[in-house]
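Structure, as structure tokens:
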Amino acid sequence: MSDTATRGVRVRVQSFYVPEKSSPDESYYFFAYRVTISNEGQETVQLVSRKWIISGPQGEVGRVEGPGVVGEQPVLPPGGSFEYTSFCPLQYRFGSMCDSYRMVLADGQSFEAEIAPFTLAVPTALN
């Protein structure tokens with residue numbers, strides 16, 4: 001789990017392994033993660049894009065960048081939140097993700113809301 005706030009935008013992420021979509025014999029491990037983005041600030045913000053760094057046990061595996069999240073660019077008024085679930089397949093039993101969301105204020109200013117690193121890992125009971 002990760003939990004961080006940048007300029008009043010809190011990002012919480014919880015990841016989980018999905019064994020029924022994984023194939024360990026083929027080095028294919030499917031992970032999902034649930035993100036909650038909350039506006040704890042005083043100004044309305046809009047999430048316009050995302051950047052992810054995906055790392056495996058040997059270092060960086062890939063980067064993902066693009067508009068919005070899950071096809072949306074949610075607007076969050078003060079006190080508002082947005083939740084979504086997405087996924088990340090890896091060829092490793094362990095990895096991590098982190099980076100940021102680009103947020104835009106009503107006056108056009110923008111900033112990067114940090115996504116603190118979180119772990120993608122096969123639970124030890126399944127090793």
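In the structure tokens, chains take letters A, B, ... by order of appearance, with residues numbered from 1 within each chain and ligands from 1 in the order shown.
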
**OP:** Please identify all polymer residues within 6 Å of region 44-51 of chain A, counting only C-alpha atoms, omitting same-chain residues fewer than 5 positions from it, and present them as number ranges by chain.
**Re:** A: 64-68, 73-78, 99-105

Could you turn the residues from that selection into a file that holds all heavy atoms, as a short mmCIF file (atom, residue, chain, number, x, y, z; two decimals), in the first residue's frame?
```
data_model
loop_
_atom_site.label_atom_id
_atom_site.label_comp_id
_atom_site.auth_asym_id
_atom_site.auth_seq_id
_atom_site.Cartn_x
_atom_site.Cartn_y
_atom_site.Cartn_z
N VAL A 64 4.91 3.92 -18.63
CA VAL A 64 3.60 4.09 -19.23
C VAL A 64 3.22 5.55 -19.05
O VAL A 64 3.31 6.08 -17.95
CB VAL A 64 2.54 3.17 -18.57
CG1 VAL A 64 1.16 3.43 -19.15
CG2 VAL A 64 2.91 1.72 -18.73
N GLU A 65 2.81 6.19 -20.14
CA GLU A 65 2.34 7.57 -20.08
C GLU A 65 1.11 7.70 -20.96
O GLU A 65 0.99 7.01 -21.97
CB GLU A 65 3.42 8.54 -20.59
CG GLU A 65 4.66 8.58 -19.74
CD GLU A 65 5.65 9.64 -20.18
OE1 GLU A 65 5.21 10.73 -20.61
OE2 GLU A 65 6.85 9.37 -20.10
N GLY A 66 0.20 8.57 -20.57
CA GLY A 66 -0.97 8.78 -21.40
C GLY A 66 -1.98 9.68 -20.74
O GLY A 66 -1.84 10.07 -19.58
N PRO A 67 -3.03 10.01 -21.49
CA PRO A 67 -4.07 10.88 -20.96
C PRO A 67 -4.95 10.16 -19.94
O PRO A 67 -5.23 8.97 -20.09
CB PRO A 67 -4.88 11.26 -22.20
CG PRO A 67 -4.64 10.13 -23.16
CD PRO A 67 -3.26 9.62 -22.87
N GLY A 68 -5.32 10.86 -18.90
CA GLY A 68 -6.28 10.36 -17.92
C GLY A 68 -5.93 9.02 -17.32
O GLY A 68 -4.79 8.56 -17.37
N GLN A 73 -10.77 11.60 -17.36
CA GLN A 73 -9.98 12.70 -16.81
C GLN A 73 -10.83 13.36 -15.73
O GLN A 73 -11.45 14.40 -15.94
CB GLN A 73 -9.60 13.69 -17.91
CG GLN A 73 -8.64 13.10 -18.92
CD GLN A 73 -8.22 14.08 -19.99
OE1 GLN A 73 -9.02 14.85 -20.50
NE2 GLN A 73 -6.94 14.06 -20.33
N PRO A 74 -10.89 12.71 -14.57
CA PRO A 74 -11.85 13.14 -13.54
C PRO A 74 -11.54 14.54 -12.97
O PRO A 74 -10.39 14.93 -12.82
CB PRO A 74 -11.70 12.08 -12.45
CG PRO A 74 -10.33 11.51 -12.66
CD PRO A 74 -10.08 11.58 -14.13
N VAL A 75 -12.63 15.26 -12.69
CA VAL A 75 -12.56 16.56 -12.02
C VAL A 75 -12.92 16.32 -10.56
O VAL A 75 -13.95 15.71 -10.27
CB VAL A 75 -13.54 17.57 -12.67
CG1 VAL A 75 -13.57 18.87 -11.89
CG2 VAL A 75 -13.17 17.81 -14.13
N LEU A 76 -12.06 16.81 -9.66
CA LEU A 76 -12.26 16.59 -8.24
C LEU A 76 -12.44 17.93 -7.53
O LEU A 76 -11.46 18.66 -7.34
CB LEU A 76 -11.06 15.85 -7.63
CG LEU A 76 -10.70 14.51 -8.27
CD1 LEU A 76 -9.41 13.98 -7.69
CD2 LEU A 76 -11.81 13.52 -8.05
N PRO A 77 -13.66 18.23 -7.10
CA PRO A 77 -13.85 19.44 -6.29
C PRO A 77 -13.26 19.21 -4.89
O PRO A 77 -12.95 18.06 -4.53
CB PRO A 77 -15.37 19.58 -6.23
CG PRO A 77 -15.87 18.17 -6.37
CD PRO A 77 -14.89 17.48 -7.29
N PRO A 78 -13.08 20.25 -4.10
CA PRO A 78 -12.61 20.05 -2.73
C PRO A 78 -13.49 19.01 -2.01
O PRO A 78 -14.71 19.06 -2.09
CB PRO A 78 -12.76 21.44 -2.10
CG PRO A 78 -12.61 22.37 -3.26
CD PRO A 78 -13.30 21.67 -4.41
N ASP A 99 5.26 6.98 -9.72
CA ASP A 99 5.46 8.17 -10.55
C ASP A 99 4.44 9.22 -10.20
O ASP A 99 4.35 9.61 -9.05
CB ASP A 99 5.50 7.89 -12.05
CG ASP A 99 6.43 8.89 -12.77
OD1 ASP A 99 6.50 10.06 -12.35
OD2 ASP A 99 7.07 8.50 -13.75
N SER A 100 3.58 9.67 -11.19
CA SER A 100 2.74 10.83 -10.87
C SER A 100 1.55 10.98 -11.81
O SER A 100 1.50 10.39 -12.89
CB SER A 100 3.58 12.11 -10.94
OG SER A 100 4.07 12.30 -12.25
N TYR A 101 0.60 11.79 -11.34
CA TYR A 101 -0.53 12.24 -12.15
C TYR A 101 -0.35 13.74 -12.37
O TYR A 101 -0.01 14.47 -11.44
CB TYR A 101 -1.87 12.05 -11.41
CG TYR A 101 -2.22 10.62 -11.13
CD1 TYR A 101 -2.45 10.19 -9.83
CD2 TYR A 101 -2.37 9.70 -12.16
CE1 TYR A 101 -2.80 8.87 -9.56
CE2 TYR A 101 -2.71 8.39 -11.89
CZ TYR A 101 -2.93 7.98 -10.59
OH TYR A 101 -3.27 6.69 -10.33
N ARG A 102 -0.61 14.20 -13.60
CA ARG A 102 -0.59 15.64 -13.86
C ARG A 102 -1.98 16.17 -13.52
O ARG A 102 -2.98 15.70 -14.05
CB ARG A 102 -0.25 15.98 -15.29
CG ARG A 102 -0.42 17.49 -15.53
CD ARG A 102 0.40 18.07 -16.63
NE ARG A 102 1.81 17.83 -16.58
CZ ARG A 102 2.71 18.65 -16.03
NH1 ARG A 102 2.32 19.75 -15.45
NH2 ARG A 102 3.98 18.35 -16.08
N MET A 103 -2.01 17.13 -12.61
CA MET A 103 -3.25 17.75 -12.15
C MET A 103 -3.28 19.20 -12.64
O MET A 103 -2.26 19.88 -12.64
CB MET A 103 -3.34 17.72 -10.63
CG MET A 103 -3.09 16.36 -9.99
SD MET A 103 -4.21 15.04 -10.51
CE MET A 103 -5.69 15.52 -9.68
N VAL A 104 -4.46 19.66 -13.04
CA VAL A 104 -4.62 21.03 -13.51
C VAL A 104 -5.67 21.73 -12.66
O VAL A 104 -6.75 21.20 -12.40
CB VAL A 104 -5.03 21.07 -15.01
CG1 VAL A 104 -5.28 22.50 -15.47
CG2 VAL A 104 -3.97 20.41 -15.87
N LEU A 105 -5.32 22.95 -12.22
CA LEU A 105 -6.23 23.78 -11.44
C LEU A 105 -7.13 24.59 -12.38
O LEU A 105 -6.84 24.71 -13.58
CB LEU A 105 -5.43 24.73 -10.55
CG LEU A 105 -4.48 24.07 -9.56
CD1 LEU A 105 -3.52 25.09 -8.96
CD2 LEU A 105 -5.26 23.37 -8.47
#
```

Residues within 9 Å of Gly95 (chain A), only C-alpha atoms, excluding chain neighbours under 2 positions, as a compact mmCIF listing (two decimals) with N, CA, C and O atoms, in the first residue's frame:
```
# COMPACT_ATOMS: atom_id res chain seq x y z
N ILE A 54 7.49 1.26 -14.01
CA ILE A 54 7.27 -0.11 -13.54
C ILE A 54 8.64 -0.77 -13.43
O ILE A 54 9.40 -0.78 -14.40
N SER A 55 8.95 -1.27 -12.25
CA SER A 55 10.27 -1.87 -12.02
C SER A 55 10.15 -3.32 -11.58
O SER A 55 9.21 -3.69 -10.88
N GLY A 56 11.11 -4.10 -12.02
CA GLY A 56 11.22 -5.49 -11.60
C GLY A 56 12.39 -5.64 -10.66
O GLY A 56 13.02 -4.66 -10.27
N PRO A 57 12.74 -6.85 -10.30
CA PRO A 57 13.82 -7.07 -9.34
C PRO A 57 15.19 -6.62 -9.84
O PRO A 57 16.09 -6.37 -9.05
N GLY A 59 15.57 -3.83 -11.75
CA GLY A 59 15.50 -2.41 -12.11
C GLY A 59 14.30 -2.11 -12.98
O GLY A 59 13.34 -2.87 -13.02
N VAL A 61 11.56 -1.78 -15.69
CA VAL A 61 11.02 -2.67 -16.70
C VAL A 61 10.35 -1.86 -17.80
O VAL A 61 10.44 -2.17 -18.97
N LEU A 90 3.45 -8.83 -15.11
CA LEU A 90 4.91 -8.83 -15.04
C LEU A 90 5.43 -10.23 -15.35
O LEU A 90 4.71 -11.21 -15.18
N TYR A 92 7.91 -11.25 -13.59
CA TYR A 92 8.58 -11.52 -12.32
C TYR A 92 7.55 -11.68 -11.20
O TYR A 92 6.46 -11.13 -11.27
N ARG A 93 7.92 -12.37 -10.13
CA ARG A 93 7.06 -12.56 -8.96
C ARG A 93 7.00 -11.30 -8.10
O ARG A 93 6.21 -11.22 -7.17
N MET A 97 5.73 -0.11 -8.65
CA MET A 97 5.28 0.96 -9.53
C MET A 97 5.31 2.28 -8.76
O MET A 97 5.14 2.30 -7.54
N PHE A 118 4.74 1.49 -4.71
CA PHE A 118 4.02 0.38 -4.09
C PHE A 118 4.50 -0.92 -4.72
O PHE A 118 4.99 -0.94 -5.84
N THR A 119 4.35 -1.98 -3.97
CA THR A 119 4.88 -3.28 -4.35
C THR A 119 3.84 -4.12 -5.08
O THR A 119 2.67 -4.12 -4.72
N LEU A 120 4.31 -4.85 -6.08
CA LEU A 120 3.54 -5.89 -6.74
C LEU A 120 4.27 -7.18 -6.38
O LEU A 120 5.43 -7.35 -6.74
N ALA A 121 3.62 -8.06 -5.63
CA ALA A 121 4.33 -9.27 -5.17
C ALA A 121 3.37 -10.44 -5.00
O ALA A 121 2.25 -10.27 -4.51
```

Could you pull out the residues in region 1-88 of chain A that DSSP calls strand (DSSP E or B) from the backbone, as a PDB file with C-alpha atoms, in the first residue's frame?
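Final output, saved to out_12.pdb:
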```pdb
ATOM      1  CA  SER A   2       1.172   3.529  -0.678  1.00  0.00           C
ATOM      2  CA  ASP A   3      -0.275   6.808   0.553  1.00  0.00           C
ATOM      3  CA  THR A   4       1.041  10.266  -0.275  1.00  0.00           C
ATOM      4  CA  ALA A   5      -0.264  13.814  -0.719  1.00  0.00           C
ATOM      5  CA  THR A   6       0.919  16.603  -3.005  1.00  0.00           C
ATOM      6  CA  VAL A   9      -4.192  15.707  -3.641  1.00  0.00           C
ATOM      7  CA  ARG A  10      -3.894  12.399  -1.783  1.00  0.00           C
ATOM      8  CA  VAL A  11      -3.140   9.240  -3.761  1.00  0.00           C
ATOM      9  CA  ARG A  12      -3.644   5.851  -2.088  1.00  0.00           C
ATOM     10  CA  VAL A  13      -2.823   2.624  -3.887  1.00  0.00           C
ATOM     11  CA  GLN A  14      -3.338  -0.966  -2.841  1.00  0.00           C
ATOM     12  CA  SER A  15      -2.069  -3.802  -5.030  1.00  0.00           C
ATOM     13  CA  PHE A  16      -3.009  -7.456  -5.140  1.00  0.00           C
ATOM     14  CA  TYR A  17      -1.920 -10.582  -6.977  1.00  0.00           C
ATOM     15  CA  SER A  23       0.697 -18.431 -15.301  1.00  0.00           C
ATOM     16  CA  TYR A  28       3.514 -14.451 -16.253  1.00  0.00           C
ATOM     17  CA  TYR A  29       2.265 -12.808 -13.059  1.00  0.00           C
ATOM     18  CA  PHE A  30      -0.869 -10.686 -13.131  1.00  0.00           C
ATOM     19  CA  PHE A  31      -1.269  -7.915 -10.579  1.00  0.00           C
ATOM     20  CA  ALA A  32      -4.119  -5.470 -10.075  1.00  0.00           C
ATOM     21  CA  TYR A  33      -4.127  -2.252  -8.106  1.00  0.00           C
ATOM     22  CA  ARG A  34      -6.865  -0.040  -6.696  1.00  0.00           C
ATOM     23  CA  VAL A  35      -6.236   3.706  -6.659  1.00  0.00           C
ATOM     24  CA  THR A  36      -8.145   6.307  -4.660  1.00  0.00           C
ATOM     25  CA  ILE A  37      -7.418   9.948  -5.494  1.00  0.00           C
ATOM     26  CA  SER A  38      -8.853  12.442  -3.006  1.00  0.00           C
ATOM     27  CA  ASN A  39      -8.851  16.223  -3.161  1.00  0.00           C
ATOM     28  CA  VAL A  45      -8.414  19.936  -9.737  1.00  0.00           C
ATOM     29  CA  GLN A  46      -8.580  17.778 -12.843  1.00  0.00           C
ATOM     30  CA  LEU A  47      -6.430  14.733 -13.501  1.00  0.00           C
ATOM     31  CA  VAL A  48      -5.317  15.091 -17.117  1.00  0.00           C
ATOM     32  CA  SER A  49      -2.539  12.502 -17.526  1.00  0.00           C
ATOM     33  CA  ARG A  50      -0.552   9.763 -15.835  1.00  0.00           C
ATOM     34  CA  LYS A  51       3.044   8.543 -15.783  1.00  0.00           C
ATOM     35  CA  TRP A  52       4.125   5.205 -14.363  1.00  0.00           C
ATOM     36  CA  ILE A  53       7.538   3.657 -13.862  1.00  0.00           C
ATOM     37  CA  ILE A  54       7.268  -0.110 -13.538  1.00  0.00           C
ATOM     38  CA  SER A  55      10.273  -1.867 -12.016  1.00  0.00           C
ATOM     39  CA  GLY A  56      11.216  -5.486 -11.601  1.00  0.00           C
ATOM     40  CA  GLY A  59      15.504  -2.410 -12.109  1.00  0.00           C
ATOM     41  CA  GLU A  60      13.224  -0.522 -14.486  1.00  0.00           C
ATOM     42  CA  VAL A  61      11.018  -2.672 -16.701  1.00  0.00           C
ATOM     43  CA  GLY A  62       8.943  -0.022 -18.420  1.00  0.00           C
ATOM     44  CA  ARG A  63       7.235   3.324 -18.550  1.00  0.00           C
ATOM     45  CA  VAL A  64       3.605   4.085 -19.234  1.00  0.00           C
ATOM     46  CA  GLU A  65       2.345   7.573 -20.079  1.00  0.00           C
ATOM     47  CA  GLY A  66      -0.967   8.782 -21.400  1.00  0.00           C
ATOM     48  CA  PRO A  67      -4.071  10.877 -20.958  1.00  0.00           C
ATOM     49  CA  VAL A  69      -6.860   7.067 -16.152  1.00  0.00           C
ATOM     50  CA  GLU A  72     -11.375   9.325 -17.836  1.00  0.00           C
ATOM     51  CA  VAL A  75     -12.562  16.557 -12.024  1.00  0.00           C
ATOM     52  CA  LEU A  76     -12.259  16.590  -8.236  1.00  0.00           C
ATOM     53  CA  SER A  81     -12.520  11.615  -4.762  1.00  0.00           C
ATOM     54  CA  PHE A  82     -12.166   9.183  -7.640  1.00  0.00           C
ATOM     55  CA  GLU A  83     -11.427   5.463  -7.434  1.00  0.00           C
ATOM     56  CA  TYR A  84     -10.426   3.007 -10.121  1.00  0.00           C
ATOM     57  CA  THR A  85      -8.837  -0.395 -10.545  1.00  0.00           C
ATOM     58  CA  SER A  86      -6.245  -1.252 -13.168  1.00  0.00           C
ATOM     59  CA  PHE A  87      -3.667  -3.981 -13.753  1.00  0.00           C
ATOM     60  CA  CYS A  88      -0.035  -4.722 -14.535  1.00  0.00           C
TER      61      CYS A  88
END
```

Subject >> Two-atom distance - CA of Val70 (chain A), CA of Phe94 (chain A) (Å) >> reply: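 Interatomic distance here is 23.8 Å.
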
**OP:** Would you return as JSON, numbers by chain the members of region 1-125 of chain A that DSSP assigns to helix (DSSP H, G or I) on this structure's backbone?
**Re:** {"A": [19, 20, 21, 24, 25, 26, 124, 125]}

**OP:** Choose the residue, out of A:Pro24, A:Gly79, A:Pro19, A:Gly71, that has the smallest atom-to-atom separation from Gln42 (chain A); count only C-alpha atoms.
**Re:**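 Selected residue with least distance to Gln42 (chain A): A:Gly79.
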
**OP:** Please measure the separation of CA of Glu40 (chain A) and CA of Ser96 (chain A), giving the value in Å to one decimal.
**Re:**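 Separating CA of Glu40 (chain A) from CA of Ser96 (chain A) is a distance of 26.0 Å.
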
Original post:
So how far away is CA of Cys98 (chain A) from CA of Ser27 (chain A), in Å?
Top reply: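 CA of Ser27 (chain A) sits 22.3 Å away from CA of Cys98 (chain A).
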